[in-house]
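S.K.: Submitted below is the structure of interest, expressed as structure tokens.
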Amino acid sequence: MTVDPFGTAALRAAAMGAWTASPARLREDANVEEDHARGYYRDRVVVELAQNAADAAVRAGVPGRLLLRLAHTDDGTTLVAANTGAPLDDAGVASLASMRASSKRDGGSRAVGRFGVGFAAVRAVADEVGVLSTTGGVRFSLRDTAALLAQAGAGSPALADEVRRRDGSLPALRLPLPADGRPPSGYDTAVVLELRDEVAADEIRALLRAVGDPLLLALPGLVEILVEDGDDAPRRLARVEDRWTVASDEGELPLALLADRPVEERSARSWRVTWAVPVPRAWADERRRAADRVVHAPTPTDDPLDLPALLVATLPLDPTRRHVALGPLTDAVLEHAADVYADLARALADADGDPLALVPTGLGAGPLDAALRPRLVAALARTP
């Protein structure tokens, strides 16, 4: 018999009660989950899983190690994302089964995820999802959600009508169920995705091939990423500092700058900026990938950055979490970013590199790039 260490029965009862009392709530939850899975997070599955892994390591105060394993079986293809760090607990399960209610809002300055929506990315590629930890497991199932709603709809015609109108597009992440299983040996938690079809499997393969040093630079809570895609030899990423020249700084922002941000963001007053350039022997390879370089805040955004360095900064994001929100808070972080860029120039000179290669030329690739360039020039001009 499967035990229920996280009280998922109560979470299911609360969600089903709300949907039965107001079928419009079902429609709202389904639309929100669909928006994030099909729109905002359509290509962010691996990044979001890595972010959760980094935050778990930070909370536990241990080096973060992440395993990304793509496995093929007779039943289909499965992605396993296993990590070290804080195992699953009651608050974590409740957060997974909610939208916009993260359990990590008090995670400190190194916690990346605070908004409680990133886990919805798994729905872009999977309808059956498991989270297995050393403390127990839960699963989310579109198939079981449909069955539970069918049972509830037998006594609620309005709910049954809403389910019929959804045509199978249901909020699978709102009804957690207990699950058996353990994470792979040496890891504390594993997210297991039964990929929907071969199209989803191809998307994950492409995302795994794109995993590289920028992800480790953006998520300092991780010290190692092991990628096993089933076709090529395993690929291990670690010791990123051996391949990059890095400059970082952090501090605290005035509370007034956060006055127009959402309530749950206002406690996140700390800022952190990292700039990095590959060491000279890796420069040519990295330049070939410069065309798709973007701002990391701290995970990749859709804002282009046409500079010869990688920027990772705690910049505020818009509701899609794909673009930086311009305004006074962003301006303040960009000022700090300019100072750290000058520090990078000094570090590059100390490493026998060419600091003049960092001087911005040409026009910005986008609004954020354009806002950053004059600040960089000013900071470099006053730096010996």
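Within each chain, counting starts at residue 1; across the structure tokens, chains are named A, B, ... in the order shown, with ligands numbered 1 upward in that order.
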I'd like the neighbourhood of range 86-101 of chain A as a ChimeraX atom specification, where a residue qualifies if any of its atoms comes within 7 Å (using only C-alpha atoms), though same-chain residues fewer than 6 positions away should be ignored.

M.R.: /A:6,56-57,59-60,115-117,119,133-135,173-176,188-189

S.K.: Mind dumping the selected residues with N, CA, C and O atoms as an mmCIF file, in the first residue's frame?

M.R.:
data_model
loop_
_atom_site.group_PDB
_atom_site.id
_atom_site.type_symbol
_atom_site.label_atom_id
_atom_site.label_comp_id
_atom_site.auth_asym_id
_atom_site.auth_seq_id
_atom_site.Cartn_x
_atom_site.Cartn_y
_atom_site.Cartn_z
ATOM 1 N N PHE A 6 2.909 13.212 2.807
ATOM 2 C CA PHE A 6 2.771 14.662 2.652
ATOM 3 C C PHE A 6 1.317 15.130 2.689
ATOM 4 O O PHE A 6 1.033 16.291 2.387
ATOM 5 N N ALA A 56 17.471 23.777 -4.015
ATOM 6 C CA ALA A 56 17.467 22.711 -3.003
ATOM 7 C C ALA A 56 18.844 22.588 -2.360
ATOM 8 O O ALA A 56 18.960 22.375 -1.145
ATOM 9 N N ALA A 57 19.896 22.722 -3.158
ATOM 10 C CA ALA A 57 21.248 22.641 -2.606
ATOM 11 C C ALA A 57 21.541 23.826 -1.697
ATOM 12 O O ALA A 57 22.149 23.670 -0.628
ATOM 13 N N ARG A 59 19.360 25.579 0.038
ATOM 14 C CA ARG A 59 18.613 25.434 1.296
ATOM 15 C C ARG A 59 19.274 24.438 2.236
ATOM 16 O O ARG A 59 19.243 24.603 3.455
ATOM 17 N N ALA A 60 19.871 23.401 1.683
ATOM 18 C CA ALA A 60 20.512 22.383 2.514
ATOM 19 C C ALA A 60 21.952 22.735 2.860
ATOM 20 O O ALA A 60 22.568 22.085 3.711
ATOM 21 N N PHE A 115 8.761 32.369 -7.366
ATOM 22 C CA PHE A 115 7.447 32.751 -7.855
ATOM 23 C C PHE A 115 6.460 31.597 -7.967
ATOM 24 O O PHE A 115 5.283 31.815 -8.219
ATOM 25 N N GLY A 116 6.914 30.360 -7.814
ATOM 26 C CA GLY A 116 6.010 29.230 -7.736
ATOM 27 C C GLY A 116 5.344 28.856 -9.038
ATOM 28 O O GLY A 116 4.264 28.278 -9.018
ATOM 29 N N VAL A 117 5.971 29.158 -10.180
ATOM 30 C CA VAL A 117 5.360 28.806 -11.460
ATOM 31 C C VAL A 117 6.273 27.957 -12.341
ATOM 32 O O VAL A 117 5.812 27.353 -13.304
ATOM 33 N N PHE A 119 7.712 25.071 -12.056
ATOM 34 C CA PHE A 119 7.463 23.641 -12.158
ATOM 35 C C PHE A 119 6.436 23.344 -13.247
ATOM 36 O O PHE A 119 6.419 22.252 -13.808
ATOM 37 N N SER A 133 11.586 11.483 -3.521
ATOM 38 C CA SER A 133 12.596 12.031 -2.634
ATOM 39 C C SER A 133 12.931 11.008 -1.548
ATOM 40 O O SER A 133 12.254 9.973 -1.415
ATOM 41 N N THR A 134 13.979 11.276 -0.790
ATOM 42 C CA THR A 134 14.335 10.384 0.307
ATOM 43 C C THR A 134 13.293 10.403 1.411
ATOM 44 O O THR A 134 13.277 9.525 2.273
ATOM 45 N N THR A 135 12.414 11.398 1.397
ATOM 46 C CA THR A 135 11.365 11.527 2.410
ATOM 47 C C THR A 135 10.007 11.015 1.940
ATOM 48 O O THR A 135 9.049 11.009 2.702
ATOM 49 N N LEU A 173 -1.530 19.491 -12.473
ATOM 50 C CA LEU A 173 -0.617 19.743 -11.364
ATOM 51 C C LEU A 173 -1.311 20.189 -10.085
ATOM 52 O O LEU A 173 -0.640 20.515 -9.110
ATOM 53 N N ARG A 174 -2.625 20.204 -10.066
ATOM 54 C CA ARG A 174 -3.332 20.635 -8.863
ATOM 55 C C ARG A 174 -3.745 19.484 -7.958
ATOM 56 O O ARG A 174 -4.167 19.702 -6.822
ATOM 57 N N LEU A 175 -3.658 18.248 -8.434
ATOM 58 C CA LEU A 175 -4.119 17.092 -7.650
ATOM 59 C C LEU A 175 -2.963 16.124 -7.422
ATOM 60 O O LEU A 175 -2.801 15.134 -8.149
ATOM 61 N N PRO A 176 -2.129 16.366 -6.405
ATOM 62 C CA PRO A 176 -1.014 15.460 -6.133
ATOM 63 C C PRO A 176 -1.500 14.136 -5.558
ATOM 64 O O PRO A 176 -2.488 14.090 -4.817
ATOM 65 N N ASP A 188 19.164 13.183 -3.649
ATOM 66 C CA ASP A 188 18.124 13.317 -2.628
ATOM 67 C C ASP A 188 16.709 13.413 -3.197
ATOM 68 O O ASP A 188 15.751 13.066 -2.512
ATOM 69 N N THR A 189 16.571 13.892 -4.414
ATOM 70 C CA THR A 189 15.259 14.068 -5.037
ATOM 71 C C THR A 189 15.388 13.831 -6.530
ATOM 72 O O THR A 189 16.436 14.134 -7.116
#

S.K.: For range 201-203 of chain A, please output as a PyMOL selection string all residues within 10 Å (counting only C-alpha atoms; exclusion window: fewer than 3 positions along the same chain).

M.R.: chain A and resi 42-43+45+70-72+76-79+124-126+194-198+206-208

S.K.: Using all heavy atoms, can you write the selected residues to a file as a compact mmCIF listing (two decimals), in the first residue's frame?

M.R.:
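The result, stored in part_32.txt:
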# COMPACT_ATOMS: atom_id res chain seq x y z
N ARG A 42 7.54 27.00 -22.58
CA ARG A 42 7.54 25.94 -23.59
C ARG A 42 8.93 25.36 -23.83
O ARG A 42 9.06 24.21 -24.21
CB ARG A 42 6.97 26.49 -24.91
CG ARG A 42 7.79 27.61 -25.50
CD ARG A 42 7.08 28.30 -26.67
NE ARG A 42 7.90 29.38 -27.23
CZ ARG A 42 7.95 30.61 -26.75
NH1 ARG A 42 7.22 30.91 -25.68
NH2 ARG A 42 8.70 31.53 -27.31
N ASP A 43 9.99 26.15 -23.62
CA ASP A 43 11.34 25.69 -23.88
C ASP A 43 12.23 25.82 -22.65
O ASP A 43 13.44 25.91 -22.76
CB ASP A 43 11.95 26.47 -25.05
CG ASP A 43 11.91 27.98 -24.80
OD1 ASP A 43 11.36 28.39 -23.76
OD2 ASP A 43 12.43 28.73 -25.65
N VAL A 45 12.04 23.70 -19.75
CA VAL A 45 11.92 22.56 -18.83
C VAL A 45 13.24 22.28 -18.12
O VAL A 45 13.30 22.21 -16.88
CB VAL A 45 11.44 21.30 -19.57
CG1 VAL A 45 11.30 20.13 -18.60
CG2 VAL A 45 10.12 21.56 -20.29
N LEU A 70 18.16 10.87 -19.84
CA LEU A 70 17.10 10.52 -20.79
C LEU A 70 17.17 9.02 -21.03
O LEU A 70 18.19 8.51 -21.50
CB LEU A 70 17.29 11.30 -22.10
CG LEU A 70 16.10 11.39 -23.04
CD1 LEU A 70 14.94 12.13 -22.39
CD2 LEU A 70 16.50 12.06 -24.34
N ALA A 71 16.10 8.32 -20.69
CA ALA A 71 16.08 6.86 -20.78
C ALA A 71 14.98 6.40 -21.71
O ALA A 71 13.87 6.93 -21.69
CB ALA A 71 15.88 6.25 -19.39
N HIS A 72 15.28 5.39 -22.52
CA HIS A 72 14.32 4.85 -23.48
C HIS A 72 13.88 3.46 -23.02
O HIS A 72 14.72 2.61 -22.68
CB HIS A 72 14.94 4.75 -24.87
CG HIS A 72 15.58 6.03 -25.33
ND1 HIS A 72 14.86 7.09 -25.81
CD2 HIS A 72 16.88 6.42 -25.34
CE1 HIS A 72 15.68 8.07 -26.12
NE2 HIS A 72 16.92 7.70 -25.84
N GLY A 76 8.16 4.04 -23.76
CA GLY A 76 8.38 5.42 -24.17
C GLY A 76 9.70 5.96 -23.65
O GLY A 76 10.60 5.20 -23.29
N THR A 77 9.80 7.27 -23.57
CA THR A 77 11.03 7.94 -23.15
C THR A 77 10.76 8.71 -21.86
O THR A 77 9.74 9.37 -21.72
CB THR A 77 11.52 8.90 -24.23
OG1 THR A 77 11.67 8.19 -25.46
CG2 THR A 77 12.87 9.50 -23.85
N THR A 78 11.71 8.60 -20.93
CA THR A 78 11.59 9.24 -19.62
C THR A 78 12.78 10.16 -19.37
O THR A 78 13.92 9.80 -19.66
CB THR A 78 11.52 8.19 -18.50
OG1 THR A 78 10.39 7.34 -18.71
CG2 THR A 78 11.40 8.85 -17.14
N LEU A 79 12.50 11.33 -18.84
CA LEU A 79 13.56 12.23 -18.37
C LEU A 79 13.59 12.19 -16.85
O LEU A 79 12.57 12.41 -16.20
CB LEU A 79 13.32 13.66 -18.84
CG LEU A 79 14.31 14.70 -18.28
CD1 LEU A 79 15.72 14.47 -18.80
CD2 LEU A 79 13.86 16.13 -18.59
N ALA A 124 4.81 21.08 -20.45
CA ALA A 124 5.08 21.29 -21.87
C ALA A 124 5.42 19.98 -22.56
O ALA A 124 5.22 19.85 -23.78
CB ALA A 124 6.21 22.29 -22.05
N VAL A 125 5.93 19.00 -21.80
CA VAL A 125 6.40 17.76 -22.42
C VAL A 125 5.82 16.50 -21.80
O VAL A 125 6.03 15.40 -22.32
CB VAL A 125 7.94 17.67 -22.37
CG1 VAL A 125 8.57 18.76 -23.22
CG2 VAL A 125 8.44 17.74 -20.93
N ALA A 126 5.12 16.61 -20.67
CA ALA A 126 4.68 15.41 -19.96
C ALA A 126 3.30 15.59 -19.35
O ALA A 126 2.95 16.68 -18.88
CB ALA A 126 5.68 15.03 -18.87
N GLU A 194 7.43 11.31 -17.72
CA GLU A 194 7.11 10.38 -18.80
C GLU A 194 6.76 11.23 -20.02
O GLU A 194 5.67 11.80 -20.10
CB GLU A 194 5.94 9.48 -18.41
CG GLU A 194 6.25 8.58 -17.23
CD GLU A 194 5.05 7.71 -16.84
OE1 GLU A 194 4.17 7.50 -17.72
OE2 GLU A 194 5.01 7.24 -15.69
N LEU A 195 7.71 11.36 -20.94
CA LEU A 195 7.54 12.29 -22.05
C LEU A 195 6.36 11.89 -22.92
O LEU A 195 6.13 10.71 -23.19
CB LEU A 195 8.83 12.36 -22.86
CG LEU A 195 10.06 12.83 -22.06
CD1 LEU A 195 11.27 12.95 -22.96
CD2 LEU A 195 9.78 14.16 -21.36
N ARG A 196 5.60 12.89 -23.34
CA ARG A 196 4.30 12.68 -23.96
C ARG A 196 4.40 11.88 -25.26
O ARG A 196 3.57 11.02 -25.53
CB ARG A 196 3.66 14.03 -24.22
CG ARG A 196 2.25 13.99 -24.76
CD ARG A 196 1.68 15.39 -24.90
NE ARG A 196 1.57 16.04 -23.60
CZ ARG A 196 2.19 17.17 -23.26
NH1 ARG A 196 3.00 17.76 -24.14
NH2 ARG A 196 2.03 17.70 -22.07
N ASP A 197 5.38 12.20 -26.08
CA ASP A 197 5.51 11.54 -27.38
C ASP A 197 6.92 11.77 -27.89
O ASP A 197 7.77 12.36 -27.20
CB ASP A 197 4.47 12.07 -28.37
CG ASP A 197 4.42 13.61 -28.41
OD1 ASP A 197 5.48 14.24 -28.20
OD2 ASP A 197 3.33 14.16 -28.63
N GLU A 198 7.18 11.31 -29.13
CA GLU A 198 8.52 11.45 -29.68
C GLU A 198 8.87 12.90 -29.97
O GLU A 198 10.04 13.29 -29.92
CB GLU A 198 8.65 10.62 -30.96
CG GLU A 198 10.08 10.45 -31.44
CD GLU A 198 11.00 9.84 -30.38
OE1 GLU A 198 10.53 9.02 -29.57
OE2 GLU A 198 12.19 10.21 -30.38
N ALA A 206 17.19 18.18 -27.59
CA ALA A 206 17.78 19.45 -28.00
C ALA A 206 18.14 20.31 -26.79
O ALA A 206 19.20 20.95 -26.76
CB ALA A 206 16.81 20.19 -28.92
N LEU A 207 17.28 20.33 -25.78
CA LEU A 207 17.56 21.11 -24.58
C LEU A 207 18.76 20.54 -23.83
O LEU A 207 19.58 21.30 -23.28
CB LEU A 207 16.33 21.14 -23.67
CG LEU A 207 15.11 21.88 -24.22
CD1 LEU A 207 13.92 21.74 -23.27
CD2 LEU A 207 15.43 23.35 -24.47
N LEU A 208 18.90 19.23 -23.79
CA LEU A 208 20.05 18.62 -23.11
C LEU A 208 21.34 18.93 -23.85
O LEU A 208 22.39 19.16 -23.22
CB LEU A 208 19.85 17.11 -22.99
CG LEU A 208 18.72 16.63 -22.06
CD1 LEU A 208 18.64 15.12 -22.05
CD2 LEU A 208 18.93 17.16 -20.64

S.K.: Hey, what's within 10 Å of Pro316 in chain A if we count only C-alpha atoms and toss same-chain stuff fewer than 6 positions away? As a PyMOL selection string, please?

M.R.: chain A and resi 258+261+265+297-298+323-327+329-330+333

S.K.: Mind listing the alpha helix (DSSP H) residues of range 211-376 of chain A, per DSSP on the backbone, as a ChimeraX atom specification?

M.R.: /A:213-218,283-287,328-350,367-376

S.K.: Would you save the residues of that selection, restricted to C-alpha atoms, as a PDB file, in the first residue's frame?

M.R.:
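Result file again-v8.pdb:
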ATOM      1  CA  ASP A 213      28.750  26.333 -18.718  1.00  0.00           C
ATOM      2  CA  PRO A 214      26.311  29.295 -18.763  1.00  0.00           C
ATOM      3  CA  LEU A 215      23.874  27.234 -16.693  1.00  0.00           C
ATOM      4  CA  LEU A 216      26.518  26.619 -14.015  1.00  0.00           C
ATOM      5  CA  LEU A 217      27.485  30.300 -14.060  1.00  0.00           C
ATOM      6  CA  ALA A 218      23.845  31.342 -13.687  1.00  0.00           C
ATOM      7  CA  TRP A 283      37.541  32.170 -26.527  1.00  0.00           C
ATOM      8  CA  ALA A 284      37.123  31.047 -30.151  1.00  0.00           C
ATOM      9  CA  ASP A 285      34.624  28.310 -29.296  1.00  0.00           C
ATOM     10  CA  GLU A 286      32.566  30.662 -27.175  1.00  0.00           C
ATOM     11  CA  ARG A 287      32.517  33.361 -29.847  1.00  0.00           C
ATOM     12  CA  PRO A 328      14.164  52.160 -11.427  1.00  0.00           C
ATOM     13  CA  LEU A 329      14.993  48.741  -9.972  1.00  0.00           C
ATOM     14  CA  THR A 330      16.557  47.559 -13.220  1.00  0.00           C
ATOM     15  CA  ASP A 331      18.450  50.847 -13.546  1.00  0.00           C
ATOM     16  CA  ALA A 332      19.974  50.355 -10.090  1.00  0.00           C
ATOM     17  CA  VAL A 333      21.096  46.803 -10.882  1.00  0.00           C
ATOM     18  CA  LEU A 334      22.572  47.929 -14.218  1.00  0.00           C
ATOM     19  CA  GLU A 335      24.667  50.535 -12.385  1.00  0.00           C
ATOM     20  CA  HIS A 336      26.123  47.764 -10.233  1.00  0.00           C
ATOM     21  CA  ALA A 337      26.564  45.621 -13.344  1.00  0.00           C
ATOM     22  CA  ALA A 338      28.687  48.343 -14.931  1.00  0.00           C
ATOM     23  CA  ASP A 339      31.008  48.465 -11.918  1.00  0.00           C
ATOM     24  CA  VAL A 340      31.405  44.677 -11.965  1.00  0.00           C
ATOM     25  CA  TYR A 341      32.128  44.820 -15.712  1.00  0.00           C
ATOM     26  CA  ALA A 342      35.049  47.098 -14.936  1.00  0.00           C
ATOM     27  CA  ASP A 343      36.207  44.572 -12.342  1.00  0.00           C
ATOM     28  CA  LEU A 344      36.068  41.931 -15.085  1.00  0.00           C
ATOM     29  CA  ALA A 345      38.306  44.075 -17.306  1.00  0.00           C
ATOM     30  CA  ARG A 346      40.892  44.249 -14.522  1.00  0.00           C
ATOM     31  CA  ALA A 347      40.637  40.489 -13.945  1.00  0.00           C
ATOM     32  CA  LEU A 348      41.049  39.868 -17.656  1.00  0.00           C
ATOM     33  CA  ALA A 349      44.183  42.038 -17.736  1.00  0.00           C
ATOM     34  CA  ASP A 350      45.590  40.168 -14.726  1.00  0.00           C
ATOM     35  CA  PRO A 367      16.386  47.938 -24.996  1.00  0.00           C
ATOM     36  CA  LEU A 368      18.313  46.415 -22.089  1.00  0.00           C
ATOM     37  CA  ASP A 369      21.535  46.174 -24.079  1.00  0.00           C
ATOM     38  CA  ALA A 370      21.106  49.813 -25.148  1.00  0.00           C
ATOM     39  CA  ALA A 371      20.512  50.919 -21.545  1.00  0.00           C
ATOM     40  CA  LEU A 372      23.576  49.028 -20.338  1.00  0.00           C
ATOM     41  CA  ARG A 373      26.195  50.155 -22.892  1.00  0.00           C
ATOM     42  CA  PRO A 374      26.692  53.806 -21.816  1.00  0.00           C
ATOM     43  CA  ARG A 375      27.015  52.640 -18.220  1.00  0.00           C
ATOM     44  CA  LEU A 376      29.707  50.140 -19.239  1.00  0.00           C
TER      45      LEU A 376
END

S.K.: Counting only C-alpha atoms, figure out which residue out of A:Leu257, A:Ala379, A:Val227, A:Ala351 gets nearest to Val277 in chain A.

M.R.: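 Closest to Val277 in chain A of all the choices is A:Ala351.
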
S.K.: Where does DSSP see strand (DSSP E or B) in range 63-283 of chain A, if you list the residues as a ChimeraX atom specification?

M.R.: /A:64-73,76-83,126-133,136-141,177-179,189-195,222-228,235-238,244-252,270-278

S.K.: Taking only C-alpha atoms into account, name the residue in A:Leu159, A:Leu68, A:Leu317, A:Ala21 that is nearest to Arg205 in chain A.

M.R.: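 Once distances to Arg205 in chain A are computed over only C-alpha atoms, the minimum belongs to A:Leu68.
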
S.K.: Quick one, how far is CA of Asp74 in chain A from CA of Leu49 in chain A?

M.R.: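 Computed distance, CA of Asp74 in chain A to CA of Leu49 in chain A, equals 25.1 Å.
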
S.K.: So how many Å separate CA of Asp232 in chain A and CA of Arg209 in chain A, to one decimal?

M.R.: 10.2 Å

S.K.: So, counting only C-alpha atoms, which residue among A:Asn31, A:Ser169, A:Ser185, A:Thr274 is closest to Leu311 in chain A?

M.R.: A:Thr274

S.K.: Residues at most 12 Å from Pro178 in chain A, counting only C-alpha atoms, excluding those fewer than 6 positions away in the same chain, as number ranges by chain?

M.R.: A: 1-12, 93, 129-133, 135-141

S.K.: Residues of the last selection are to be written out with N, CA and C atoms, as a tab-separated table (two decimals), in the first residue's frame.

M.R.:
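The resulting file, selection_11.tsv, is shown below:
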chain	number	residue	atom	x	y	z
A	1	MET	N	0.84	-1.19	0.00
A	1	MET	CA	0.00	0.00	0.00
A	1	MET	C	0.88	1.25	0.00
A	2	THR	N	0.56	2.21	-0.86
A	2	THR	CA	1.33	3.46	-0.94
A	2	THR	C	0.96	4.38	0.22
A	3	VAL	N	1.98	4.81	0.96
A	3	VAL	CA	1.74	5.73	2.07
A	3	VAL	C	1.63	7.15	1.53
A	4	ASP	N	1.09	8.04	2.36
A	4	ASP	CA	0.88	9.43	1.95
A	4	ASP	C	1.53	10.36	2.97
A	5	PRO	N	2.90	10.45	2.94
A	5	PRO	CA	3.60	11.20	3.99
A	5	PRO	C	3.38	12.70	3.93
A	6	PHE	N	2.91	13.21	2.81
A	6	PHE	CA	2.77	14.66	2.65
A	6	PHE	C	1.32	15.13	2.69
A	7	GLY	N	0.41	14.25	3.06
A	7	GLY	CA	-0.99	14.66	3.18
A	7	GLY	C	-1.60	15.12	1.87
A	8	THR	N	-1.32	14.41	0.78
A	8	THR	CA	-1.85	14.84	-0.51
A	8	THR	C	-3.37	14.71	-0.58
A	9	ALA	N	-3.95	13.81	0.22
A	9	ALA	CA	-5.41	13.65	0.20
A	9	ALA	C	-6.10	14.96	0.55
A	10	ALA	N	-5.56	15.69	1.53
A	10	ALA	CA	-6.16	16.96	1.93
A	10	ALA	C	-6.01	18.00	0.83
A	11	LEU	N	-4.87	18.00	0.13
A	11	LEU	CA	-4.67	18.95	-0.97
A	11	LEU	C	-5.64	18.65	-2.12
A	12	ARG	N	-5.83	17.38	-2.40
A	12	ARG	CA	-6.78	17.03	-3.46
A	12	ARG	C	-8.20	17.41	-3.08
A	93	VAL	N	5.54	20.16	-1.39
A	93	VAL	CA	4.45	19.51	-2.12
A	93	VAL	C	3.30	20.47	-2.34
A	129	VAL	N	3.85	12.90	-14.21
A	129	VAL	CA	5.04	13.47	-13.57
A	129	VAL	C	5.18	12.90	-12.17
A	130	GLY	N	6.37	12.48	-11.80
A	130	GLY	CA	6.64	12.02	-10.44
A	130	GLY	C	7.75	12.83	-9.81
A	131	VAL	N	7.65	13.03	-8.49
A	131	VAL	CA	8.72	13.67	-7.72
A	131	VAL	C	9.04	12.73	-6.58
A	132	LEU	N	10.19	12.07	-6.65
A	132	LEU	CA	10.59	11.04	-5.68
A	132	LEU	C	11.74	11.56	-4.84
A	133	SER	N	11.59	11.48	-3.52
A	133	SER	CA	12.60	12.03	-2.63
A	133	SER	C	12.93	11.01	-1.55
A	135	THR	N	12.41	11.40	1.40
A	135	THR	CA	11.37	11.53	2.41
A	135	THR	C	10.01	11.01	1.94
A	136	GLY	N	9.92	10.60	0.69
A	136	GLY	CA	8.65	10.12	0.14
A	136	GLY	C	8.47	10.66	-1.27
A	137	GLY	N	7.34	10.31	-1.89
A	137	GLY	CA	7.13	10.72	-3.26
A	137	GLY	C	5.70	11.15	-3.54
A	138	VAL	N	5.56	11.95	-4.59
A	138	VAL	CA	4.23	12.34	-5.07
A	138	VAL	C	4.25	12.23	-6.59
A	139	ARG	N	3.07	12.18	-7.18
A	139	ARG	CA	2.97	12.17	-8.63
A	139	ARG	C	1.79	13.02	-9.06
A	140	PHE	N	1.85	13.47	-10.29
A	140	PHE	CA	0.79	14.26	-10.90
A	140	PHE	C	0.42	13.59	-12.21
A	141	SER	N	-0.86	13.40	-12.44
A	141	SER	CA	-1.30	12.60	-13.58
A	141	SER	C	-2.51	13.23	-14.25

S.K.: I need the residue nearest Gly221 in chain A from this list: A:Ala50, A:Leu356, A:Ala190, A:Ala152. Use only C-alpha atoms for the distance.

M.R.: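 Checking each of A:Ala50, A:Leu356, A:Ala190, A:Ala152 against Gly221 in chain A, counting only C-alpha atoms, the winner is A:Ala50.
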
S.K.: Mind pulling up the distance from CA of Leu307 in chain A to CA of Val240 in chain A?

M.R.: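 Computing it gives 20.0 Å between the two atoms.
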